[in-house]
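Next comes model-v9.txt, a file with compact mmCIF, C-alpha atoms and all ligand atoms.
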```txt
# COMPACT_ATOMS: atom_id res chain seq x y z
CA LEU A 1 0.00 0.00 0.00
CA ASN A 2 1.41 3.38 -0.94
CA ARG A 3 2.20 6.14 1.54
CA ARG A 4 -0.77 8.24 0.44
CA LEU A 5 -3.23 5.58 1.59
CA ALA A 6 -1.36 3.81 4.37
CA GLU A 7 -2.68 6.05 7.15
CA PHE A 8 -6.30 5.24 6.40
CA GLY A 9 -6.58 1.51 7.12
CA THR A 10 -10.04 -0.03 6.73
CA THR A 11 -13.04 2.29 6.70
CA ILE A 12 -14.76 2.43 10.08
CA PHE A 13 -18.09 1.57 8.44
CA ALA A 14 -16.86 -1.83 7.27
CA GLU A 15 -15.25 -2.52 10.63
CA MET A 16 -18.31 -1.59 12.67
CA SER A 17 -20.88 -3.30 10.43
CA ALA A 18 -18.80 -6.50 10.61
CA LEU A 19 -18.71 -6.14 14.40
CA ALA A 20 -22.51 -5.79 14.45
CA VAL A 21 -22.93 -8.98 12.41
CA ARG A 22 -20.38 -10.89 14.50
CA THR A 23 -21.99 -9.95 17.82
CA GLY A 24 -25.61 -9.94 16.65
CA SER A 25 -25.90 -6.31 17.75
CA ILE A 26 -28.30 -3.63 16.59
CA ASN A 27 -26.33 -1.67 14.00
CA LEU A 28 -26.71 2.07 14.58
CA GLY A 29 -23.22 2.57 13.16
CA GLN A 30 -23.08 2.67 9.38
CA GLY A 31 -25.76 4.99 8.00
CA PHE A 32 -28.16 2.98 5.88
CA PRO A 33 -31.95 2.66 6.23
CA ASP A 34 -33.39 -0.72 7.25
CA THR A 35 -36.45 -0.07 5.08
CA ASP A 36 -36.09 0.20 1.32
CA GLY A 37 -37.28 3.22 -0.63
CA PRO A 38 -40.66 3.62 -2.40
CA GLU A 39 -42.27 0.59 -4.01
CA GLU A 40 -42.99 2.43 -7.25
CA VAL A 41 -39.32 3.31 -7.60
CA ARG A 42 -38.33 -0.32 -7.15
CA GLU A 43 -40.95 -1.21 -9.77
CA ALA A 44 -39.39 1.35 -12.10
CA ALA A 45 -36.02 -0.38 -11.70
CA VAL A 46 -37.59 -3.78 -12.47
CA ARG A 47 -39.27 -2.33 -15.56
CA ALA A 48 -35.99 -0.86 -16.78
CA LEU A 49 -34.23 -4.19 -16.30
CA ARG A 50 -36.99 -6.10 -18.05
CA ASP A 51 -37.29 -3.62 -20.93
CA GLY A 52 -33.56 -3.68 -21.48
CA ARG A 53 -32.94 -0.09 -20.54
CA GLY A 54 -29.50 0.35 -19.03
CA ASN A 55 -28.40 -3.29 -19.13
CA GLN A 56 -25.52 -2.25 -21.35
CA TYR A 57 -23.18 0.70 -20.76
CA PRO A 58 -25.27 3.83 -20.39
CA PRO A 59 -23.89 7.10 -21.83
CA GLY A 60 -20.81 8.41 -19.97
CA PRO A 61 -22.50 11.45 -18.42
CA GLY A 62 -25.55 9.38 -17.36
CA VAL A 63 -28.82 8.58 -19.09
CA PRO A 64 -30.59 11.70 -20.44
CA GLU A 65 -33.74 10.94 -18.42
CA LEU A 66 -31.81 11.12 -15.15
CA ARG A 67 -29.80 14.20 -16.11
CA GLN A 68 -33.04 15.96 -17.00
CA ALA A 69 -34.64 14.85 -13.74
CA VAL A 70 -31.68 16.14 -11.70
CA ALA A 71 -31.84 19.49 -13.48
CA ALA A 72 -35.63 19.69 -12.99
CA HIS A 73 -35.23 18.89 -9.28
CA GLN A 74 -32.63 21.64 -8.79
CA GLN A 75 -34.91 24.06 -10.63
CA ARG A 76 -38.06 23.12 -8.75
CA ARG A 77 -36.53 23.07 -5.25
CA TYR A 78 -33.98 25.84 -5.44
CA GLY A 79 -34.58 27.84 -8.62
CA LEU A 80 -31.16 26.70 -9.89
CA SER A 81 -31.08 26.17 -13.61
CA TYR A 82 -28.67 23.60 -15.05
CA ASP A 83 -28.31 22.37 -18.61
CA PRO A 84 -28.81 18.58 -18.45
CA ASP A 85 -26.36 18.08 -21.32
CA THR A 86 -23.39 20.07 -20.04
CA GLU A 87 -24.00 20.82 -16.36
CA VAL A 88 -25.13 17.48 -14.88
CA LEU A 89 -23.06 14.33 -14.43
CA VAL A 90 -24.27 11.02 -13.00
CA THR A 91 -21.77 9.23 -10.73
CA ALA A 92 -21.43 5.95 -8.84
CA GLY A 93 -22.91 7.45 -5.68
CA ALA A 94 -21.73 10.59 -3.97
CA THR A 95 -18.57 8.68 -3.08
CA GLU A 96 -17.37 8.69 -6.67
CA ALA A 97 -18.52 12.29 -7.10
CA ILE A 98 -16.27 13.33 -4.22
CA ALA A 99 -13.32 11.32 -5.56
CA ALA A 100 -13.69 12.48 -9.16
CA SER A 101 -14.13 16.12 -8.12
CA LEU A 102 -10.97 16.16 -6.03
CA LEU A 103 -8.96 14.18 -8.59
CA ALA A 104 -10.09 16.59 -11.30
CA LEU A 105 -9.61 19.88 -9.49
CA LEU A 106 -6.47 19.48 -7.38
CA GLU A 107 -2.86 19.86 -8.37
CA PRO A 108 -0.40 18.01 -6.14
CA GLY A 109 0.29 20.17 -3.10
CA ASP A 110 -2.95 22.15 -3.32
CA GLU A 111 -4.68 22.68 -0.02
CA VAL A 112 -8.28 21.71 0.64
CA VAL A 113 -10.03 23.37 3.53
CA ALA A 114 -12.67 21.02 4.95
CA LEU A 115 -14.99 21.04 7.94
CA GLU A 116 -13.82 18.66 10.64
CA PRO A 117 -15.13 16.16 11.68
CA TYR A 118 -15.35 14.97 8.08
CA TYR A 119 -16.93 12.07 6.30
CA ASP A 120 -14.11 9.55 6.04
CA SER A 121 -13.69 9.43 2.28
CA TYR A 122 -12.79 13.14 2.13
CA ALA A 123 -9.38 12.72 3.73
CA ALA A 124 -8.56 9.62 1.67
CA CYS A 125 -9.61 11.23 -1.63
CA ILE A 126 -7.68 14.43 -0.93
CA ALA A 127 -4.65 12.22 -0.27
CA MET A 128 -5.17 10.17 -3.45
CA ALA A 129 -5.33 13.41 -5.41
CA GLY A 130 -2.03 14.50 -3.87
CA GLY A 131 -3.65 17.39 -2.00
CA THR A 132 -3.19 18.51 1.58
CA ARG A 133 -6.14 18.72 3.92
CA VAL A 134 -6.57 21.67 6.20
CA PRO A 135 -9.26 20.97 8.78
CA VAL A 136 -11.46 23.62 10.34
CA THR A 137 -12.99 22.12 13.45
CA LEU A 138 -16.68 22.51 14.20
CA ARG A 139 -16.85 23.44 17.89
CA PRO A 140 -19.38 22.14 20.41
CA HIS A 141 -21.76 24.82 21.66
CA GLU A 142 -24.30 24.78 24.44
CA GLU A 143 -27.17 27.19 24.69
CA ALA A 144 -28.98 27.61 28.00
CA PRO A 145 -32.53 26.26 27.86
CA GLU A 146 -35.23 28.84 27.21
CA GLY A 147 -38.01 27.82 29.58
CA PRO A 148 -37.80 28.80 33.27
CA ASP A 149 -38.11 25.16 34.30
CA GLY A 150 -35.63 23.85 31.76
CA ASP A 151 -32.62 22.08 33.19
CA MET A 152 -29.17 21.81 31.62
CA GLY A 153 -29.99 18.29 30.49
CA ASP A 154 -32.19 19.85 27.83
CA ALA A 155 -29.68 22.50 26.79
CA ALA A 156 -29.58 22.94 23.04
CA ARG A 157 -26.26 21.53 21.92
CA SER A 158 -24.80 21.87 18.45
CA PHE A 159 -21.51 21.96 16.59
CA ARG A 160 -20.80 25.34 15.02
CA LEU A 161 -18.41 26.71 12.44
CA ASP A 162 -16.11 29.52 13.59
CA LEU A 163 -15.96 31.83 10.58
CA ASP A 164 -12.70 33.43 11.72
CA GLU A 165 -11.06 30.01 11.90
CA LEU A 166 -12.34 29.29 8.41
CA ARG A 167 -10.92 32.53 7.03
CA ASP A 168 -7.59 31.91 8.78
CA ALA A 169 -7.35 28.43 7.24
CA VAL A 170 -7.24 29.81 3.69
CA THR A 171 -3.72 30.37 2.35
CA GLU A 172 -2.10 31.11 -1.00
CA ARG A 173 -2.12 27.37 -1.68
CA THR A 174 -5.82 26.81 -1.00
CA ARG A 175 -7.60 25.56 -4.10
CA VAL A 176 -10.86 24.06 -2.82
CA LEU A 177 -13.29 24.56 0.04
CA LEU A 178 -14.91 21.20 0.73
CA ILE A 179 -18.23 21.86 2.45
CA ASN A 180 -20.86 19.43 3.74
CA THR A 181 -24.33 20.60 4.76
CA PRO A 182 -26.39 19.05 6.31
CA HIS A 183 -23.25 17.80 8.00
CA ASN A 184 -22.29 14.19 8.70
CA PRO A 185 -21.61 13.30 11.55
CA THR A 186 -22.66 16.35 13.61
CA GLY A 187 -26.10 17.00 12.08
CA THR A 188 -25.27 20.70 11.73
CA VAL A 189 -27.11 22.56 8.99
CA LEU A 190 -25.17 25.66 7.96
CA THR A 191 -27.26 28.82 8.29
CA ARG A 192 -27.83 31.48 5.65
CA GLU A 193 -25.36 33.73 7.50
CA GLU A 194 -22.66 31.05 7.60
CA LEU A 195 -23.18 30.15 3.95
CA THR A 196 -23.06 33.83 2.98
CA ALA A 197 -19.71 34.15 4.72
CA ILE A 198 -18.38 31.00 3.03
CA ALA A 199 -19.53 32.30 -0.35
CA GLU A 200 -17.93 35.71 0.22
CA LEU A 201 -14.68 34.06 1.23
CA ALA A 202 -14.71 31.84 -1.86
CA VAL A 203 -15.29 34.79 -4.17
CA GLU A 204 -12.75 37.02 -2.41
CA ARG A 205 -10.01 34.37 -2.48
CA ASP A 206 -11.07 32.95 -5.84
CA LEU A 207 -11.58 29.41 -4.53
CA LEU A 208 -13.47 26.48 -5.96
CA VAL A 209 -16.13 24.93 -3.74
CA VAL A 210 -17.10 21.29 -3.64
CA THR A 211 -20.27 20.97 -1.59
CA ASP A 212 -21.63 17.62 -0.45
CA GLU A 213 -25.37 18.10 -0.03
CA VAL A 214 -26.47 14.46 0.01
CA TYR A 215 -28.72 15.10 3.06
CA GLU A 216 -30.47 18.05 1.37
CA HIS A 217 -33.92 16.57 2.05
CA LEU A 218 -33.23 15.66 5.67
CA VAL A 219 -33.58 18.94 7.57
CA PHE A 220 -35.70 19.24 10.70
CA ASP A 221 -37.80 21.73 12.63
CA ASP A 222 -37.22 25.21 11.24
CA ALA A 223 -33.81 24.46 9.70
CA GLU A 224 -33.53 25.15 5.97
CA HIS A 225 -31.17 23.64 3.44
CA ILE A 226 -29.82 26.36 1.16
CA PRO A 227 -27.50 25.16 -1.62
CA LEU A 228 -24.23 27.07 -1.75
CA ALA A 229 -24.62 27.39 -5.51
CA THR A 230 -27.55 29.80 -4.95
CA PHE A 231 -25.31 32.49 -3.38
CA PRO A 232 -23.92 35.40 -5.41
CA GLY A 233 -20.83 34.46 -7.41
CA MET A 234 -21.09 30.78 -6.47
CA ARG A 235 -22.80 29.08 -9.38
CA GLU A 236 -19.71 29.28 -11.57
CA ARG A 237 -17.28 28.08 -8.88
CA THR A 238 -19.32 25.38 -7.15
CA VAL A 239 -19.57 21.63 -7.70
CA THR A 240 -22.71 20.36 -5.91
CA ILE A 241 -23.05 16.68 -5.01
CA GLY A 242 -26.30 14.76 -4.46
CA SER A 243 -27.25 11.10 -3.93
CA ALA A 244 -30.27 8.86 -4.44
CA GLY A 245 -28.93 6.62 -1.69
CA LYS A 246 -29.86 9.19 0.94
CA THR A 247 -32.91 10.85 -0.60
CA PHE A 248 -34.71 7.68 -1.66
CA SER A 249 -33.24 5.08 0.72
CA PHE A 250 -31.43 3.03 -1.91
CA THR A 251 -27.84 3.12 -0.67
CA GLY A 252 -26.99 -0.07 -2.57
CA TRP A 253 -27.89 1.38 -5.96
CA LYS A 254 -24.99 3.83 -5.89
CA VAL A 255 -26.57 6.55 -7.99
CA GLY A 256 -25.24 10.03 -7.31
CA TRP A 257 -24.74 13.19 -9.31
CA VAL A 258 -22.82 16.41 -9.71
CA THR A 259 -24.13 19.76 -10.91
CA GLY A 260 -22.10 22.83 -11.84
CA SER A 261 -20.76 24.91 -14.70
CA PRO A 262 -19.82 23.14 -17.96
CA GLU A 263 -16.13 23.72 -17.17
CA LEU A 264 -16.29 22.19 -13.70
CA VAL A 265 -18.62 19.32 -14.61
CA GLY A 266 -16.49 18.62 -17.67
CA ALA A 267 -13.42 18.43 -15.45
CA VAL A 268 -15.13 16.03 -13.03
CA ARG A 269 -16.24 13.92 -15.99
CA SER A 270 -12.63 13.71 -17.20
CA ALA A 271 -11.69 11.98 -13.95
CA LYS A 272 -14.90 9.95 -13.64
CA GLN A 273 -14.53 8.37 -17.09
CA PHE A 274 -11.38 6.59 -15.93
CA LEU A 275 -12.69 5.55 -12.52
CA THR A 276 -15.90 3.69 -13.36
CA TYR A 277 -16.78 5.14 -16.77
CA VAL A 278 -20.45 4.39 -15.98
CA SER A 279 -22.51 2.50 -13.41
CA SER A 280 -25.99 1.44 -12.22
CA GLY A 281 -27.63 1.49 -15.70
CA PRO A 282 -31.21 0.38 -14.94
CA PHE A 283 -31.21 2.15 -11.57
CA GLN A 284 -30.53 5.46 -13.29
CA TYR A 285 -33.94 5.23 -15.00
CA ALA A 286 -35.62 4.43 -11.70
CA VAL A 287 -33.97 7.36 -9.93
CA ALA A 288 -35.13 9.65 -12.73
CA GLU A 289 -38.69 8.66 -11.81
CA ALA A 290 -37.97 9.03 -8.10
CA LEU A 291 -36.76 12.61 -8.50
CA ALA A 292 -40.10 13.46 -10.09
CA LEU A 293 -42.09 12.17 -7.10
CA PRO A 294 -44.48 14.78 -5.68
CA ASP A 295 -43.37 17.01 -2.82
CA THR A 296 -45.48 14.88 -0.47
CA TYR A 297 -42.89 12.09 -0.76
CA PHE A 298 -40.02 14.33 0.33
CA GLU A 299 -42.09 15.86 3.11
CA SER A 300 -43.26 12.56 4.58
CA PHE A 301 -39.72 11.13 4.36
CA ARG A 302 -38.48 14.17 6.28
CA GLN A 303 -41.21 13.97 8.91
CA ASP A 304 -40.70 10.26 9.41
CA MET A 305 -36.98 10.77 9.96
CA GLN A 306 -37.61 13.69 12.30
CA ALA A 307 -39.88 11.52 14.47
CA LYS A 308 -37.13 8.88 14.58
CA ARG A 309 -34.59 11.52 15.51
CA ASP A 310 -36.80 12.54 18.42
CA LEU A 311 -37.29 8.95 19.54
CA LEU A 312 -33.59 8.13 19.55
CA SER A 313 -32.43 11.49 20.95
CA GLU A 314 -34.87 11.23 23.82
CA GLY A 315 -33.84 7.65 24.55
CA LEU A 316 -30.15 8.50 24.49
CA ARG A 317 -30.77 11.41 26.86
CA GLU A 318 -32.62 9.10 29.23
CA ALA A 319 -29.74 6.66 29.02
CA GLY A 320 -27.40 9.39 30.25
CA PHE A 321 -25.73 10.67 27.09
CA ALA A 322 -25.43 14.38 26.35
CA VAL A 323 -27.20 14.71 23.00
CA TYR A 324 -26.43 17.07 20.14
CA GLN A 325 -29.89 17.21 18.63
CA PRO A 326 -29.23 17.23 14.85
CA ALA A 327 -30.88 19.83 12.61
CA GLY A 328 -30.30 17.52 9.63
CA THR A 329 -28.96 14.12 8.38
CA TYR A 330 -29.91 10.79 9.95
CA PHE A 331 -27.23 10.81 12.63
CA VAL A 332 -27.17 11.99 16.21
CA THR A 333 -23.87 12.78 17.90
CA THR A 334 -23.59 12.27 21.64
CA ASP A 335 -21.03 13.10 24.31
CA ILE A 336 -20.27 10.11 26.53
CA ARG A 337 -18.62 12.05 29.35
CA PRO A 338 -21.81 12.26 31.46
CA LEU A 339 -21.60 8.44 31.55
CA GLY A 340 -18.15 8.66 33.11
CA GLU A 341 -16.48 7.68 29.82
CA SER A 342 -14.08 9.74 27.73
CA ASP A 343 -12.71 7.51 24.95
CA GLY A 344 -15.25 7.02 22.16
CA PHE A 345 -13.13 4.32 20.49
CA ALA A 346 -12.97 2.18 23.60
CA PHE A 347 -16.64 2.87 24.29
CA CYS A 348 -17.74 1.75 20.78
CA ARG A 349 -15.53 -1.34 20.83
CA ALA A 350 -17.08 -2.41 24.15
CA LEU A 351 -20.67 -1.41 23.41
CA PRO A 352 -21.69 -4.60 21.52
CA GLU A 353 -20.68 -6.73 24.52
CA ARG A 354 -22.16 -4.34 27.07
CA ALA A 355 -25.40 -3.46 25.35
CA GLY A 356 -25.74 -5.22 22.00
CA VAL A 357 -25.58 -1.94 20.07
CA VAL A 358 -23.05 -0.69 17.52
CA ALA A 359 -22.18 3.02 17.13
CA ILE A 360 -19.37 5.01 15.50
CA PRO A 361 -16.63 6.88 17.39
CA ASN A 362 -16.53 10.39 15.90
CA ALA A 363 -12.76 10.56 16.50
CA VAL A 364 -12.29 8.69 13.19
CA PHE A 365 -13.60 11.79 11.40
CA TYR A 366 -10.98 14.08 12.97
CA ASP A 367 -7.35 14.91 12.30
CA HIS A 368 -7.32 16.41 15.78
CA ARG A 369 -8.31 13.07 17.29
CA ALA A 370 -8.40 14.47 20.81
CA ALA A 371 -11.05 17.01 19.80
CA GLY A 372 -13.35 14.17 18.76
CA ALA A 373 -12.51 11.66 21.49
CA PRO A 374 -15.67 11.89 23.66
CA PHE A 375 -18.18 11.93 20.81
CA VAL A 376 -20.12 8.94 19.51
CA ARG A 377 -22.53 8.85 16.55
CA PHE A 378 -25.76 6.83 16.34
CA ALA A 379 -27.82 6.44 13.13
CA PHE A 380 -31.61 6.72 13.44
CA CYS A 381 -32.62 5.70 9.89
CA LYS A 382 -34.09 2.50 11.36
CA GLN A 383 -37.55 1.15 12.12
CA ARG A 384 -39.18 2.42 15.31
CA GLU A 385 -39.11 -1.01 16.96
CA VAL A 386 -35.38 -1.26 16.28
CA LEU A 387 -34.73 2.16 17.79
CA GLU A 388 -36.94 1.36 20.78
CA GLU A 389 -35.08 -1.90 21.40
CA ALA A 390 -31.71 -0.12 21.08
CA VAL A 391 -32.81 2.50 23.60
CA LYS A 392 -34.03 -0.18 25.99
CA ARG A 393 -30.67 -1.94 25.79
CA LEU A 394 -28.69 1.26 26.24
CA ARG A 395 -30.75 2.32 29.24
CA SER A 396 -30.26 -0.98 31.01
N1 LIG A 401 -21.21 12.10 1.67
C1 LIG A 401 -21.72 11.98 2.91
C2 LIG A 401 -21.68 13.15 3.82
C3 LIG A 401 -22.27 10.76 3.30
O1 LIG A 401 -22.74 10.63 4.53
C4 LIG A 401 -22.28 9.68 2.40
C5 LIG A 401 -22.88 8.34 2.74
N2 LIG A 401 -22.82 7.95 4.01
C6 LIG A 401 -21.74 9.85 1.15
C7 LIG A 401 -21.21 11.07 0.82
C8 LIG A 401 -21.68 8.74 0.16
O2 LIG A 401 -22.85 8.63 -0.53
P1 LIG A 401 -23.11 7.44 -1.60
O3 LIG A 401 -23.62 6.30 -0.81
O4 LIG A 401 -24.12 8.02 -2.53
O5 LIG A 401 -21.83 7.15 -2.25
N1 LIG A 402 -22.28 7.48 4.69
C1 LIG A 402 -22.59 6.40 5.60
C2 LIG A 402 -22.24 6.82 7.01
O1 LIG A 402 -21.74 7.88 7.25
C3 LIG A 402 -21.83 5.15 5.30
C4 LIG A 402 -21.28 5.04 3.95
C5 LIG A 402 -20.24 3.98 3.86
O2 LIG A 402 -20.37 2.93 4.43
N2 LIG A 402 -19.21 4.29 3.16
O3 LIG A 402 -22.50 6.04 7.88
```
Could you rewrite the structure in this file as structure tokens?
Ligand code: PMP
Ligand code: GLN
Amino acid sequence: LNRRLAEFGTTIFAEMSALAVRTGSINLGQGFPDTDGPEEVREAAVRALRDGRGNQYPPGPGVPELRQAVAAHQQRRYGLSYDPDTEVLVTAGATEAIAASLLALLEPGDEVVALEPYYDSYAACIAMAGGTRVPVTLRPHEEAPEGPDGDMGDAARSFRLDLDELRDAVTERTRVLLINTPHNPTGTVLTREELTAIAELAVERDLLVVTDEVYEHLVFDDAEHIPLATFPGMRERTVTIGSAGKTFSFTGWKVGWVTGSPELVGAVRSAKQFLTYVSSGPFQYAVAEALALPDTYFESFRQDMQAKRDLLSEGLREAGFAVYQPAGTYFVTTDIRPLGESDGFAFCRALPERAGVVAIPNAVFYDHRAAGAPFVRFAFCKQREVLEEAVKRLRS
């Protein structure tokens, strides 16, 4: 194994899902739903298979139906207009979109400023592209409860971006800002003010922005997902990444996409063509239909996930964790220190034996491991009964 990859070992998701299988534990580690996406979308995939659509190599940029559907979705939700022929590229999940974007845009030695903790493929892909990662750490915040009878146990906790730290991280060598909102693993949804500041910084320092928005439809309460590409000066410098795995609960289909200017999307396509060339033929047709589902689908998906968030957050609180109630994604980050623990790695390795539950130590998403040590992530994209059983086990 070369030096670029040697530090990364095996992805935590493989390790923890294998541990769950081995110990028969409830897997709240790796983020995948335990209920498949809409029946009619599965039917659409079967129809495509049967009708022989996509069983041979689809076109390199993706099938026209899906590129049109992605463009229509961006238009309908955000008023962003993309040309399906030159400004949309279908990828093998968001994972390939991230890899191809970084491979296409970085020169060796370029710096990439990314929000830490970061999704684990970011660091590995920056390394494979010969870039240098520069983490900006999201800091834990606690706001005093509002009500007069509120106790600190219900304090609103979140991880926030320090805009001064972000500005200070940009140097002459910075090429790309790698943003993720809603943010995995913290559940932070960047606000309009934060996104405005990021956009101004990108324009001022003439940076490219790669923004991973795979959880765009999973925002809760009064949080709002605002694509970075909608801010002034951003459309031409932003590569936006989406995924059917997250939005439609088909993580195994590996259908993702990139939108951006013809120059940027063309660059990403140059890298993508030599990674997979194409993938997921019949599933591309099905996802095209999924993206055209009525707004009621997206809204009920969101509400269902929000109810699950509440169920798991409440249960974790009752079990003694300090909970960072997420504004988005399907993950909840907790602090284990109120339980008298401080090492998330040790905690997660012991948890299957102790409680029959698997979770992810957030430290794996940090360069500054110590900053992430006491945090542990649980996924709530699971059936209610599964979450209830997990809570019962954790409480006892
Ligand atoms: N980005 C983030 C932030 C994710 O959480 C994930 C999936 N867990 C991905 C990218 C990868 O998405 P896909 O499965 O579409 O490759
Ligand atoms: N994105 C999912 C998570 O954060 C897992 C994806 C993977 O296994 N690579 O849990």
Checklist entry - Quick one: residues within 8 Å of ligand LIG 402 (chain A), with only C-alpha atoms and all ligand atoms, as a list in words? => result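 Answer in the requested format: Thr11, Ile12, Phe13, Ala14, Gly29, Gln30, Gly31, Phe32, Thr95, Tyr119, Asp120, Ser121, Asn184, Pro185 and Ala379 of chain A.
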Next on the checklist: As an exercise, work out the distance from atom CA of A:Ala373 to atom CA of A:Leu19 in Å and give it to one decimal place.
Outcome noted: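 Separation between atom CA of A:Ala373 and atom CA of A:Leu19: 20.1 Å.
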Checklist entry - Counting all atoms listed in the file, which protein, DNA or RNA residues come within 10 Å of ligand LIG 401 (chain A), given as an MDAnalysis selection string? => result chainID A and resid 13 30:32 91:98 118:122 179:185 211:215 241:247 249:257 329:331
Next on the checklist: Give me the residues near A:Phe248 as a VMD selection string, where near means some atom within 8 Å (using only C-alpha atoms) and where sequence neighbours in that chain fewer than 6 positions away do not count.
Outcome noted: chain A and resid 37 to 38 290
Next on the checklist: Excluding A:Ala123 and its own-chain neighbours fewer than 4 positions away, which residues fall within 10 Å of it when counting only C-alpha atoms? Please give them as a list in words.
Outcome noted: Leu5, Phe8, Val112, Ala114, Tyr118, Tyr119, Ala127, Met128, Gly131, Thr132, Arg133, Val134, Pro135, Phe365, Tyr366 and Asp367 of chain A
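Taking all atoms listed in the file into account, A:Cys125 lies nearest to A:Ser101 out of the set A:Ser101, A:Ser396, A:Thr10, A:Thr230.
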Next on the checklist: With distances taken over only C-alpha atoms, which residue among A:Arg302, A:His368, A:Arg42, A:Arg349 lies nearest A:Phe220?
Outcome noted: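 Between A:Arg302, A:His368, A:Arg42, A:Arg349, the residue approaching A:Phe220 most closely is A:Arg302.
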Next on the checklist: Give me the residues near A:Leu106 as a list in words, where near means some atom within 8 Å (using all atoms listed in the file) and where sequence neighbours in that chain fewer than 4 positions away do not count.
Outcome noted: Leu102, Asp110, Ala129, Gly130, Gly131, Arg175 and Val176 of chain A
Can I get the selection written as a compact mmCIF listing (two decimals), in the coordinates of the input, with C-alpha atoms?
```txt
# COMPACT_ATOMS: atom_id res chain seq x y z
CA LEU A 102 -10.97 16.16 -6.03
CA ASP A 110 -2.95 22.15 -3.32
CA ALA A 129 -5.33 13.41 -5.41
CA GLY A 130 -2.03 14.50 -3.87
CA GLY A 131 -3.65 17.39 -2.00
CA ARG A 175 -7.60 25.56 -4.10
CA VAL A 176 -10.86 24.06 -2.82
```
Checklist entry - For the atom pair atom CA of A:Arg53 and atom CA of A:Tyr277, what is the interatomic distance in Å to one decimal place? => result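 Interatomic distance, atom CA of A:Arg53 to atom CA of A:Tyr277: 17.4 Å.
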Kindly complete stretch 166-180 of chain A to N, CA and C atoms; the output should be written as a PDB file, keeping the file's coordinate frame.
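Everything below was put into rebuild-v1.pdb:
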```pdb
ATOM      1  N   LEU A 166     -12.252  29.659   9.829  1.00  0.00           N
ATOM      2  CA  LEU A 166     -12.340  29.290   8.410  1.00  0.00           C
ATOM      3  C   LEU A 166     -11.507  30.247   7.564  1.00  0.00           C
ATOM      4  N   ARG A 167     -11.683  31.541   7.810  1.00  0.00           N
ATOM      5  CA  ARG A 167     -10.920  32.530   7.030  1.00  0.00           C
ATOM      6  C   ARG A 167      -9.417  32.334   7.231  1.00  0.00           C
ATOM      7  N   ASP A 168      -9.021  32.063   8.476  1.00  0.00           N
ATOM      8  CA  ASP A 168      -7.590  31.910   8.780  1.00  0.00           C
ATOM      9  C   ASP A 168      -6.999  30.658   8.131  1.00  0.00           C
ATOM     10  N   ALA A 169      -7.847  29.692   7.818  1.00  0.00           N
ATOM     11  CA  ALA A 169      -7.350  28.430   7.240  1.00  0.00           C
ATOM     12  C   ALA A 169      -6.978  28.576   5.768  1.00  0.00           C
ATOM     13  N   VAL A 170      -7.495  29.628   5.131  1.00  0.00           N
ATOM     14  CA  VAL A 170      -7.240  29.810   3.690  1.00  0.00           C
ATOM     15  C   VAL A 170      -5.865  30.466   3.495  1.00  0.00           C
ATOM     16  N   THR A 171      -5.053  29.836   2.640  1.00  0.00           N
ATOM     17  CA  THR A 171      -3.720  30.370   2.350  1.00  0.00           C
ATOM     18  C   THR A 171      -3.589  30.575   0.833  1.00  0.00           C
ATOM     19  N   GLU A 172      -2.403  30.971   0.421  1.00  0.00           N
ATOM     20  CA  GLU A 172      -2.100  31.110  -1.000  1.00  0.00           C
ATOM     21  C   GLU A 172      -2.257  29.785  -1.743  1.00  0.00           C
ATOM     22  N   ARG A 173      -2.089  28.683  -1.025  1.00  0.00           N
ATOM     23  CA  ARG A 173      -2.120  27.370  -1.680  1.00  0.00           C
ATOM     24  C   ARG A 173      -3.504  26.734  -1.680  1.00  0.00           C
ATOM     25  N   THR A 174      -4.472  27.393  -1.047  1.00  0.00           N
ATOM     26  CA  THR A 174      -5.820  26.810  -1.000  1.00  0.00           C
ATOM     27  C   THR A 174      -6.447  26.818  -2.385  1.00  0.00           C
ATOM     28  N   ARG A 175      -6.946  25.649  -2.790  1.00  0.00           N
ATOM     29  CA  ARG A 175      -7.600  25.560  -4.100  1.00  0.00           C
ATOM     30  C   ARG A 175      -9.109  25.333  -3.927  1.00  0.00           C
ATOM     31  N   VAL A 176      -9.458  24.500  -2.942  1.00  0.00           N
ATOM     32  CA  VAL A 176     -10.860  24.060  -2.820  1.00  0.00           C
ATOM     33  C   VAL A 176     -11.337  24.200  -1.373  1.00  0.00           C
ATOM     34  N   LEU A 177     -12.564  24.696  -1.226  1.00  0.00           N
ATOM     35  CA  LEU A 177     -13.290  24.560   0.040  1.00  0.00           C
ATOM     36  C   LEU A 177     -14.203  23.358  -0.119  1.00  0.00           C
ATOM     37  N   LEU A 178     -14.080  22.405   0.786  1.00  0.00           N
ATOM     38  CA  LEU A 178     -14.910  21.200   0.730  1.00  0.00           C
ATOM     39  C   LEU A 178     -15.937  21.309   1.862  1.00  0.00           C
ATOM     40  N   ILE A 179     -17.177  21.567   1.473  1.00  0.00           N
ATOM     41  CA  ILE A 179     -18.230  21.860   2.450  1.00  0.00           C
ATOM     42  C   ILE A 179     -19.213  20.683   2.475  1.00  0.00           C
ATOM     43  N   ASN A 180     -19.838  20.475   3.627  1.00  0.00           N
ATOM     44  CA  ASN A 180     -20.860  19.430   3.740  1.00  0.00           C
ATOM     45  C   ASN A 180     -21.987  19.968   4.627  1.00  0.00           C
TER      46      ASN A 180
END
```
